[in-house]
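S.K.: My questions all concern the structure below.
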Amino acid sequence: MQSVSPVSQDDMHGYTVAYEREELSFPVYVVGFVGAVLATIGVAIDNIVLIGLSLCALGFAYYNFPLLETGKPRIGAGQYGIFAEGLGILAWRSIKAIELVPVDIRGSTSNELRITLEDPLDRALLVDWRKRPFYRFLMRLPWTIGSGNIIRIPLDVFDRPADEIMHSFSRMMSFFRR
């Protein structure tokens, strides 16, 4: 019997990782609240500068809104490959290497998962989830595409430690690529 790959992210089974619950939502709520207050005051006193600042703050909160949706799988791995929200499922056969890379940003070290693909992205995807609804088009995604067919996923925003995510992805890759 032939298995069929999942059509949506909700159909994924296996190892999944969501955004962290406590630390990430507070700044988004605060900036959203500050943006709403600035917009109210700016409209009340007819100050275009305050309205502009409120639009910047509300734009930041809108971009980071997915951080508030905790518990929803953002990245993961299963029998078909590695999946990421807003990207799709990368087939195991198309993945050349997975590595955990420490990245220094302004004196702080964060961890990044780098997935190097053997094929171009369009051929590496089993299922393409890059088409998103219009209202989610400007929201944060858990991945970026680097040069040379590399997908970069910052891991410090997730609810599991970076080394656990790396170990699980590597273990699953070695098991399912047989």
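Letters A, B, ... go to the chains of the structure tokens in the order shown; residues in each chain start at 1; ligands are counted from 1 in the same order.
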Give me, as a PyMOL selection string, the residues of range 3-127 of chain A that a backbone DSSP run labels helix (DSSP H, G or I).
M.R.: chain A and resi 9-11+22-45+48-63+65-68+92-94+121-124
S.K.: Looking at only C-alpha atoms, which of A:Arg123, A:Arg114, A:Lys72, A:Arg106 is the one that sits closest to Met166 in chain A?
M.R.: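 Among the listed residues, the smallest separation from Met166 in chain A belongs to A:Arg114.
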S.K.: Report the closest atom pair, with its distance in Å rounded to one decimal, for each residue of range 4-118 of chain A that has an atom no farther than 7 Å from range 140-143 of chain A; count only C-alpha atoms, sort by chain and then rising residue number, and write it as CSV.
M.R.:
residue,atom,partner,partner_atom,distance
A:Tyr63,CA,A:Arg140,CA,5.4
A:Asn64,CA,A:Arg140,CA,5.7
A:Pro66,CA,A:Arg140,CA,6.5
A:Arg74,CA,A:Pro142,CA,6.8
A:Glu85,CA,A:Pro142,CA,6.8
A:Gly86,CA,A:Leu141,CA,6.5
S.K.: Here is a test: counting only C-alpha atoms, which residue of A:Ala18, A:Thr109, A:Tyr135, A:Glu118 is nearest to Ile95 in chain A?
M.R.: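 Nearest candidate to Ile95 in chain A out of A:Ala18, A:Thr109, A:Tyr135, A:Glu118: A:Glu118.
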S.K.: Which residues come within 6 Å of Gly78 in chain A, counting only C-alpha atoms, excluding same-chain residues fewer than 2 positions away, as an MDAnalysis selection string?
M.R.: chainID A and resid 14 80:81
S.K.: Give me the residues within 9 Å of Ile150 in chain A as a PyMOL selection string, counting only C-alpha atoms and dropping any in the same chain fewer than 6 places off.
M.R.: chain A and resi 114-117+144
S.K.: Among range 83-162 of chain A, which ones does DSSP assign to strand (DSSP E or B) (computed from the backbone)? Answer as a ChimeraX atom specification.
M.R.: /A:83-84,88-91,95-105,108-117,125-128,144-146,150-154,158
S.K.: Contacts of Leu100 in chain A at 10 Å or less, counting only C-alpha atoms, minus same-chain residues fewer than 4 places along, as a list of chain:residue names?
M.R.: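 The neighbour list is A:Asn111, A:Glu112, A:Leu113, A:Arg114, A:Ile115, A:Arg152, A:Ile153, A:Pro154, A:Leu155, A:Ala162, A:Asp163, A:Ile165, A:Met166, A:His167.
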S.K.: List as a list in words the protein and nucleic acid residues near Ser25 in chain A, meaning an atom at most 12 Å away when only C-alpha atoms are counted, but skip any in the same chain fewer than 5 places from it.
M.R.: Tyr19, Glu20, Val30, Val31, Gly32, Ala61, Asn64, Phe65, Pro66, Leu67, Leu68, Glu69, Thr70 and Val157 of chain A
S.K.: Using the selection just defined, write its residues with N, CA and C atoms as a PDB file, in the first residue's frame.
M.R.:
ATOM      1  N   TYR A  19       6.734  27.462  18.930  1.00  0.00           N
ATOM      2  CA  TYR A  19       7.397  28.608  19.539  1.00  0.00           C
ATOM      3  C   TYR A  19       7.315  28.504  21.056  1.00  0.00           C
ATOM      4  N   GLU A  20       8.304  29.090  21.725  1.00  0.00           N
ATOM      5  CA  GLU A  20       8.358  29.080  23.185  1.00  0.00           C
ATOM      6  C   GLU A  20       7.208  29.905  23.756  1.00  0.00           C
ATOM      7  N   VAL A  30       3.332  44.055  24.611  1.00  0.00           N
ATOM      8  CA  VAL A  30       3.718  45.388  25.062  1.00  0.00           C
ATOM      9  C   VAL A  30       3.800  46.345  23.875  1.00  0.00           C
ATOM     10  N   VAL A  31       4.464  45.932  22.805  1.00  0.00           N
ATOM     11  CA  VAL A  31       4.599  46.804  21.637  1.00  0.00           C
ATOM     12  C   VAL A  31       3.227  47.051  20.990  1.00  0.00           C
ATOM     13  N   GLY A  32       2.375  46.034  20.954  1.00  0.00           N
ATOM     14  CA  GLY A  32       1.020  46.227  20.430  1.00  0.00           C
ATOM     15  C   GLY A  32       0.223  47.216  21.269  1.00  0.00           C
ATOM     16  N   ALA A  61       4.274  44.467  15.921  1.00  0.00           N
ATOM     17  CA  ALA A  61       3.422  43.490  16.621  1.00  0.00           C
ATOM     18  C   ALA A  61       2.745  42.553  15.612  1.00  0.00           C
ATOM     19  N   ASN A  64       5.248  39.958  14.258  1.00  0.00           N
ATOM     20  CA  ASN A  64       5.597  38.964  15.263  1.00  0.00           C
ATOM     21  C   ASN A  64       4.388  38.244  15.861  1.00  0.00           C
ATOM     22  N   PHE A  65       3.200  38.453  15.321  1.00  0.00           N
ATOM     23  CA  PHE A  65       1.998  37.809  15.838  1.00  0.00           C
ATOM     24  C   PHE A  65       2.101  36.277  15.919  1.00  0.00           C
ATOM     25  N   PRO A  66       2.755  35.582  14.972  1.00  0.00           N
ATOM     26  CA  PRO A  66       2.866  34.122  15.105  1.00  0.00           C
ATOM     27  C   PRO A  66       3.556  33.664  16.390  1.00  0.00           C
ATOM     28  N   LEU A  67       4.370  34.523  17.010  1.00  0.00           N
ATOM     29  CA  LEU A  67       5.000  34.149  18.273  1.00  0.00           C
ATOM     30  C   LEU A  67       3.960  33.955  19.382  1.00  0.00           C
ATOM     31  N   LEU A  68       2.785  34.551  19.222  1.00  0.00           N
ATOM     32  CA  LEU A  68       1.723  34.417  20.217  1.00  0.00           C
ATOM     33  C   LEU A  68       0.944  33.115  20.052  1.00  0.00           C
ATOM     34  N   GLU A  69       1.026  32.507  18.881  1.00  0.00           N
ATOM     35  CA  GLU A  69       0.296  31.267  18.602  1.00  0.00           C
ATOM     36  C   GLU A  69       1.130  30.074  19.060  1.00  0.00           C
ATOM     37  N   THR A  70       1.265  29.921  20.353  1.00  0.00           N
ATOM     38  CA  THR A  70       2.095  28.856  20.898  1.00  0.00           C
ATOM     39  C   THR A  70       1.364  27.518  20.798  1.00  0.00           C
ATOM     40  N   VAL A 157      14.103  30.517  19.394  1.00  0.00           N
ATOM     41  CA  VAL A 157      12.727  30.946  19.655  1.00  0.00           C
ATOM     42  C   VAL A 157      11.779  29.764  19.883  1.00  0.00           C
TER      43      VAL A 157
END
S.K.: Work out how far apart CA of Leu121 in chain A and CA of Ala97 in chain A are and give it in Å to one decimal.
M.R.: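 Going from CA of Leu121 in chain A over to CA of Ala97 in chain A, I get 14.3 Å.
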S.K.: So the first atom is CA of Ile145 in chain A and the second is CA of Ala57 in chain A; what is the distance between them in Å, to one decimal place?
M.R.: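 Calculated distance between CA of Ile145 in chain A and CA of Ala57 in chain A is 26.2 Å.
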